[in-house]
$ cat work.txt   # compact mmCIF, C-alpha atoms
# COMPACT_ATOMS: atom_id res chain seq x y z
CA MET A 84 95.33 62.84 195.84
CA VAL A 85 96.90 60.67 193.14
CA VAL A 86 100.45 60.81 194.49
CA GLU A 87 99.34 59.74 197.96
CA ARG A 88 97.42 56.83 196.48
CA VAL A 89 100.49 55.81 194.48
CA PHE A 90 102.58 55.52 197.62
CA ASP A 91 99.73 53.84 199.49
CA VAL A 92 99.99 51.16 196.80
CA VAL A 93 103.76 50.94 197.29
CA ALA A 94 103.44 50.66 201.07
CA ASP A 95 100.70 48.03 200.83
CA ALA A 96 102.67 45.97 198.29
CA ALA A 97 106.03 46.13 200.09
CA PRO A 98 105.34 43.47 202.77
CA GLU A 99 103.91 41.16 200.12
CA ILE A 100 106.96 41.62 197.88
CA ARG A 101 109.34 41.05 200.76
CA ALA A 102 107.48 37.92 201.88
CA GLY A 103 107.56 36.57 198.32
CA LEU A 104 111.31 36.85 197.81
CA PRO A 105 112.48 33.60 199.48
CA GLU A 106 110.63 31.39 197.01
CA ARG A 107 111.59 33.47 193.95
CA ARG A 108 115.39 33.59 194.15
CA ALA A 109 115.89 31.45 191.04
CA LYS A 110 116.75 32.85 187.63
CA ALA A 111 113.84 33.43 185.30
CA ALA A 112 113.90 31.92 181.84
CA SER A 113 114.14 35.40 180.33
CA GLU A 114 116.05 38.66 180.10
CA ASN A 115 114.60 42.14 180.31
CA VAL A 116 114.51 44.48 177.33
CA THR A 117 118.07 45.72 177.87
CA GLY A 118 119.53 42.26 178.22
CA ASP A 119 119.81 42.02 182.00
CA GLU A 120 119.28 38.59 183.50
CA GLN A 121 116.03 38.42 185.45
CA LEU A 122 115.11 36.60 188.61
CA GLU A 123 111.67 35.15 189.11
CA ALA A 124 111.29 37.88 191.74
CA ASP A 125 111.85 40.64 189.15
CA VAL A 126 109.07 39.41 186.91
CA TRP A 127 106.67 38.69 189.75
CA ALA A 128 107.17 42.07 191.48
CA ASP A 129 106.72 43.87 188.16
CA ASP A 130 103.42 42.13 187.44
CA LEU A 131 102.16 42.76 190.96
CA LEU A 132 102.95 46.48 190.87
CA ARG A 133 101.58 46.93 187.36
CA ASP A 134 98.21 45.54 188.42
CA ARG A 135 98.08 47.62 191.60
CA PHE A 136 98.99 50.91 189.89
CA ALA A 137 96.55 50.25 187.05
CA ALA A 138 93.76 50.39 189.63
CA VAL A 139 94.70 53.92 190.76
CA ASP A 140 92.56 56.64 189.17
CA GLY A 141 94.85 59.28 187.74
CA VAL A 142 97.68 56.89 186.80
CA ASN A 143 97.59 56.72 183.03
CA TRP A 144 100.89 55.02 182.18
CA TYR A 145 102.94 52.29 183.81
CA ALA A 146 106.57 51.84 182.83
CA SER A 147 109.09 49.41 184.24
CA GLU A 148 112.67 48.53 183.49
CA GLU A 149 111.36 44.99 183.02
CA ARG A 150 109.07 46.02 180.11
CA GLU A 151 109.95 47.29 176.65
CA ASP A 152 107.38 50.09 176.45
CA ALA A 153 105.27 52.25 178.72
CA GLU A 154 101.81 50.72 179.01
CA THR A 155 98.59 52.75 179.03
CA VAL A 156 96.64 51.62 182.10
CA GLY A 157 94.17 54.49 182.54
CA ASP A 158 91.92 56.67 180.45
CA ALA A 159 92.86 60.13 181.74
CA ALA A 160 94.84 61.91 179.02
CA ASP A 161 96.32 64.23 181.63
CA GLY A 162 97.13 61.50 184.15
CA TYR A 163 100.49 60.62 185.65
CA ALA A 164 103.14 58.21 184.44
CA VAL A 165 104.57 55.88 187.07
CA ALA A 166 108.06 54.51 186.36
CA VAL A 167 109.24 51.60 188.48
CA ASP A 168 112.32 49.55 189.15
CA PRO A 169 110.37 46.72 190.79
CA LEU A 170 113.36 45.10 192.47
CA ASP A 171 116.49 47.22 192.45
CA GLY A 172 119.52 45.17 193.39
CA SER A 173 117.76 41.88 192.71
CA SER A 174 121.14 40.19 192.27
CA ASN A 175 121.48 40.66 196.04
CA VAL A 176 118.52 38.36 196.70
CA LYS A 177 120.60 35.21 196.22
CA SER A 178 123.20 36.37 198.76
CA ASN A 179 120.54 37.77 201.14
CA ASN A 180 121.72 41.36 200.93
CA PRO A 181 119.53 44.48 200.69
CA CYS A 182 117.39 45.30 197.67
CA GLY A 183 114.38 47.51 197.10
CA THR A 184 111.81 49.16 194.87
CA VAL A 185 112.16 52.57 193.18
CA VAL A 186 109.17 54.66 192.04
CA GLY A 187 109.06 57.91 190.07
CA VAL A 188 105.82 59.81 189.39
CA TYR A 189 106.00 61.95 186.24
CA GLU A 190 103.43 64.46 185.06
CA ASP A 191 104.32 63.89 181.40
CA PRO A 192 104.27 60.75 179.24
CA LEU A 193 107.62 58.98 179.05
CA PRO A 194 110.28 59.60 177.91
CA ALA A 195 110.37 62.83 179.87
CA SER A 196 112.76 65.21 181.58
CA GLY A 197 113.64 64.80 185.21
CA ARG A 198 111.89 68.13 185.76
CA SER A 199 108.64 66.29 185.00
CA LEU A 200 108.89 64.42 188.30
CA VAL A 201 106.34 65.45 190.89
CA ALA A 202 107.26 62.79 193.45
CA ALA A 203 109.66 59.90 193.90
CA GLY A 204 110.48 57.35 196.51
CA PHE A 205 111.88 53.98 197.33
CA VAL A 206 111.32 50.99 199.55
CA LEU A 207 114.37 49.41 201.16
CA TYR A 208 114.17 45.75 202.17
CA GLY A 209 116.89 45.82 204.82
CA PRO A 210 116.86 44.58 208.42
CA ILE A 211 113.56 46.46 208.53
CA THR A 212 111.40 47.62 205.63
CA THR A 213 111.30 51.37 205.13
CA MET A 214 109.82 53.67 202.50
CA THR A 215 111.28 57.10 201.75
CA VAL A 216 109.12 59.55 199.78
CA ALA A 217 109.91 62.98 198.32
CA HIS A 218 106.90 65.16 197.51
CA ASP A 219 105.91 68.81 197.84
CA GLY A 220 109.39 69.87 198.95
CA ASP A 221 109.77 67.37 201.80
CA VAL A 222 111.26 63.93 202.24
CA THR A 223 109.68 61.56 204.77
CA GLU A 224 110.76 58.10 205.91
CA TYR A 225 108.18 55.49 206.93
CA LEU A 226 108.41 52.15 208.66
CA VAL A 227 106.41 49.66 206.60
CA ASP A 228 104.87 46.44 207.90
CA ASP A 229 101.71 44.38 207.57
CA ASP A 230 99.78 46.98 209.57
CA GLY A 231 100.65 49.83 207.19
CA ARG A 232 103.19 52.63 207.38
CA THR A 233 104.41 54.63 210.36
CA ASP A 234 105.86 58.10 209.92
CA LEU A 235 109.48 58.12 211.13
CA GLY A 236 109.98 61.80 210.43
CA PRO A 237 111.68 64.04 207.89
CA VAL A 238 114.87 63.14 206.04
CA GLU A 239 117.60 65.75 205.54
CA LEU A 240 121.09 65.09 204.26
CA PRO A 241 123.65 65.67 207.05
CA GLY A 242 125.93 68.66 206.66
CA ASP A 243 129.21 66.75 206.86
CA PRO A 244 129.76 63.95 204.30
CA LEU A 245 130.91 60.64 205.76
CA VAL A 246 130.52 57.75 203.28
CA TYR A 247 131.09 57.00 199.61
CA GLY A 248 130.37 54.17 197.21
CA PHE A 249 131.05 53.89 193.48
CA GLY A 250 130.07 51.17 191.02
CA GLY A 251 131.83 49.73 188.01
CA ARG A 252 135.07 47.80 187.81
CA VAL A 253 138.04 49.97 188.78
CA PRO A 254 140.08 49.06 185.65
CA ASP A 255 137.15 50.35 183.60
CA TRP A 256 137.00 53.75 185.30
CA THR A 257 138.20 56.76 183.32
CA PRO A 258 141.50 58.32 184.51
CA ALA A 259 139.75 61.55 185.58
CA PHE A 260 137.17 59.69 187.64
CA GLU A 261 139.75 57.41 189.25
CA SER A 262 141.79 60.44 190.24
CA PHE A 263 138.71 61.97 191.87
CA VAL A 264 138.00 58.75 193.79
CA ARG A 265 141.55 58.67 195.17
CA GLU A 266 140.94 62.07 196.72
CA VAL A 267 137.54 61.06 198.07
CA GLU A 268 138.83 57.90 199.72
CA ASP A 269 141.27 59.96 201.80
CA GLU A 270 138.33 61.75 203.40
CA LEU A 271 135.32 59.41 203.42
CA LYS A 272 134.53 55.83 204.43
CA LEU A 273 133.78 53.22 201.79
CA ARG A 274 130.24 51.85 201.85
CA TYR A 275 129.20 49.90 198.75
CA GLY A 276 126.79 46.99 198.80
CA GLY A 277 125.92 46.43 195.15
CA ALA A 278 122.34 47.74 195.38
CA MET A 279 121.92 51.40 194.48
CA ILE A 280 118.92 51.77 196.72
CA ALA A 281 120.80 50.67 199.85
CA ASP A 282 123.90 52.70 199.03
CA VAL A 283 121.89 55.87 198.43
CA ASN A 284 120.05 55.33 201.70
CA GLN A 285 123.41 55.28 203.49
CA VAL A 286 124.23 58.62 201.87
CA LEU A 287 120.89 60.04 203.03
CA THR A 288 121.64 58.80 206.55
CA TYR A 289 125.30 59.78 206.88
CA GLY A 290 126.06 62.24 204.08
CA GLY A 291 128.55 61.58 201.31
CA VAL A 292 128.23 60.37 197.74
CA PHE A 293 127.06 57.41 195.69
CA GLY A 294 127.76 57.05 192.01
CA TYR A 295 127.88 54.80 189.01
CA PRO A 296 130.16 56.54 186.50
CA GLY A 297 130.48 56.37 182.78
CA LEU A 298 133.03 53.66 182.05
CA GLU A 299 135.68 53.24 179.37
CA SER A 300 133.64 50.35 177.97
CA ARG A 301 130.25 51.94 178.64
CA PRO A 302 130.34 55.77 178.64
CA GLU A 303 126.63 55.92 179.42
CA GLY A 304 127.08 53.98 182.66
CA LYS A 305 124.71 51.33 183.95
CA LEU A 306 121.78 53.04 185.67
CA ARG A 307 118.58 53.90 183.82
CA ALA A 308 117.52 57.54 183.89
CA HIS A 309 113.75 57.13 184.23
CA PHE A 310 113.71 54.18 186.61
CA GLU A 311 116.72 54.76 188.87
CA SER A 312 118.80 57.89 188.33
CA MET A 313 116.23 60.68 188.10
CA PRO A 314 113.89 59.39 190.86
CA MET A 315 116.78 58.96 193.29
CA ALA A 316 118.13 62.38 192.31
CA PHE A 317 114.70 63.87 193.08
CA VAL A 318 114.78 62.32 196.56
CA VAL A 319 118.34 63.40 197.32
CA GLU A 320 117.93 66.94 195.99
CA THR A 321 114.68 67.38 197.93
CA ALA A 322 116.54 66.23 201.06
CA GLY A 323 119.10 69.01 200.61
CA GLY A 324 121.69 67.23 198.50
CA ALA A 325 122.73 67.38 194.87
CA SER A 326 122.88 65.14 191.82
CA SER A 327 124.86 65.06 188.61
CA ASP A 328 125.51 63.15 185.42
CA GLY A 329 129.02 64.57 185.60
CA ALA A 330 128.08 67.95 184.17
CA GLN A 331 124.55 68.87 185.27
CA SER A 332 121.79 67.90 187.66
CA LEU A 333 120.20 64.60 186.75
CA LEU A 334 116.86 66.39 186.90
CA ASP A 335 117.97 68.43 183.87
CA CYS A 336 118.44 65.27 181.82
CA SER A 337 115.94 64.71 179.01
CA PRO A 338 116.24 61.09 177.87
CA ASP A 339 115.33 60.33 174.27
CA SER A 340 114.24 56.78 174.99
CA LEU A 341 112.52 54.94 177.83
CA HIS A 342 115.48 52.78 178.82
CA GLU A 343 118.26 55.32 178.31
CA ARG A 344 121.16 55.06 180.75
CA THR A 345 123.20 57.86 182.29
CA PRO A 346 126.21 58.33 184.56
CA THR A 347 124.74 58.90 188.01
CA PHE A 348 125.99 60.67 191.11
CA VAL A 349 123.97 61.75 194.16
CA GLY A 350 125.03 63.08 197.53
CA SER A 351 126.30 66.06 199.47
CA GLU A 352 126.50 69.30 197.51
CA SER A 353 130.19 69.84 198.26
CA VAL A 354 131.20 66.39 197.00
CA ILE A 355 129.10 66.66 193.85
CA ALA A 356 130.63 70.07 193.13
CA ASP A 357 134.13 68.59 193.49
CA LEU A 358 133.15 65.73 191.20
CA GLU A 359 131.95 68.04 188.43
CA ALA A 360 135.14 70.12 188.75
CA ALA A 361 137.26 66.97 188.41
CA LEU A 362 135.57 65.51 185.32
CA PRO A 363 136.22 66.86 181.81
CA ASP A 364 133.51 68.93 180.14
$ encode --input "work.txt" --output "structure tokens"
Amino acid sequence: MVVERVFDVVADAAPEIRAGLPERRAKAASENVTGDEQLEADVWADDLLRDRFAAVDGVNWYASEEREDAETVGDAADGYAVAVDPLDGSSNVKSNNPCGTVVGVYEDPLPASGRSLVAAGFVLYGPITTMTVAHDGDVTEYLVDDDGRTDLGPVELPGDPLVYGFGGRVPDWTPAFESFVREVEDELKLRYGGAMIADVNQVLTYGGVFGYPGLESRPEGKLRAHFESMPMAFVVETAGGASSDGAQSLLDCSPDSLHERTPTFVGSESVIADLEAALPD
């Protein structure tokens, strides 16, 4: 099955990517298409994953936040599109904090709606390397090492929310969002590490909410719909949680361009419902 082969590629590449980080912490002499500063590790991980996915029969397009356009890598007109954030949180590499890889598998060419996702997952390079995959209505966590992946069991969002983490500079938050945060911080514990992938994994483990809001200076927020927001929403919703761009599920978003950004919130259903009630229509 194509989806299984996609995540076999991810699991096989993860130890190699992790092992290659120490010697690639320097800045690259380039920026990506949206102007973000790249590390050597960003460029290297992108090239590695592109080549590995191109070898999977049934993967027809490869897209990455490090590349301007989706690239045709197969010859099946009805194949899948794989969208990748090769090294989410790469700014954490210098300070030796968690980072990871995000993968979304779409059944339509990109740009596409979040409803086009058939599977999504992420690798977290933390104290141990894990891979979490949502597919066919289930979410499964795996331990990943040089010997392959070991099934650690199903992932379900806990019933009671415990943690929260929100990105963006506080002075740049909108008044409505800041008011919502003040209520949240009376109930939940702050957990924010500067890498979406690690912060969302905390929410999956403990319940709660992660978000990067629309800002006064950047109403569209920071996170990219195809590469970060919609794949992580797919994982969290499949695990029993909810997602939102402030008004609707992130899976109902239909980006007009490959690198479109969107306000992003994922977590426990009750907290996401309170968020949407607090933000203006």
$ closest_residue --input "work.txt" --among "A:Arg198, A:Asp357, A:Leu132, A:Val92" --to "Ala259 (chain A)" --atoms "only C-alpha atoms"
A:Asp357
$ closest_atom_pairs --input "work.txt" --of "region 259-348 of chain A" --to "region 231-253 of chain A" --cutoff "6 Å" --atoms "all atoms listed in the file" --output "Markdown table"
| residue | atom | partner | partner_atom | distance |
| --- | --- | --- | --- | --- |
| A:Leu271 | CA | A:Val246 | CA | 5.1 |
| A:Lys272 | CA | A:Val246 | CA | 4.6 |
| A:Leu273 | CA | A:Tyr247 | CA | 5.1 |
| A:Arg274 | CA | A:Gly248 | CA | 5.2 |
| A:Tyr275 | CA | A:Gly248 | CA | 4.7 |
| A:Leu287 | CA | A:Leu240 | CA | 5.2 |
| A:Tyr289 | CA | A:Leu245 | CA | 5.8 |
| A:Gly290 | CA | A:Pro244 | CA | 4.1 |
| A:Gly291 | CA | A:Pro244 | CA | 4.0 |
| A:Val292 | CA | A:Tyr247 | CA | 4.8 |
| A:Phe293 | CA | A:Gly248 | CA | 4.9 |
| A:Gly294 | CA | A:Phe249 | CA | 4.8 |
| A:Tyr295 | CA | A:Gly250 | CA | 4.7 |
| A:Ala322 | CA | A:Glu239 | CA | 4.6 |
| A:Gly323 | CA | A:Leu240 | CA | 5.7 |
$ closest_residue --input "work.txt" --among "A:Glu303, A:Glu190, A:Asp129, A:Asp335" --to "Gly162 (chain A)" --atoms "all atoms listed in the file"
A:Glu190
$ closest_residue --input "work.txt" --among "A:Gln285, A:Ser312, A:Ser332, A:Ser199" --to "Thr347 (chain A)" --atoms "all atoms listed in the file"
A:Ser312
$ atom_distance --input "work.txt" --atom1 "CA of Asn143 (chain A)" --atom2 "CA of Ser196 (chain A)"
17.4 Å
$ atom_distance --input "work.txt" --atom1 "CA of Val349 (chain A)" --atom2 "CA of Ala316 (chain A)"
6.2 Å
$ atom_distance --input "work.txt" --atom1 "CA of Gly220 (chain A)" --atom2 "CA of Ser337 (chain A)"
21.6 Å
$ closest_residue --input "work.txt" --among "A:Ala138, A:Leu362, A:Val354, A:Val93" --to "Val206 (chain A)" --atoms "all atoms listed in the file"
A:Val93
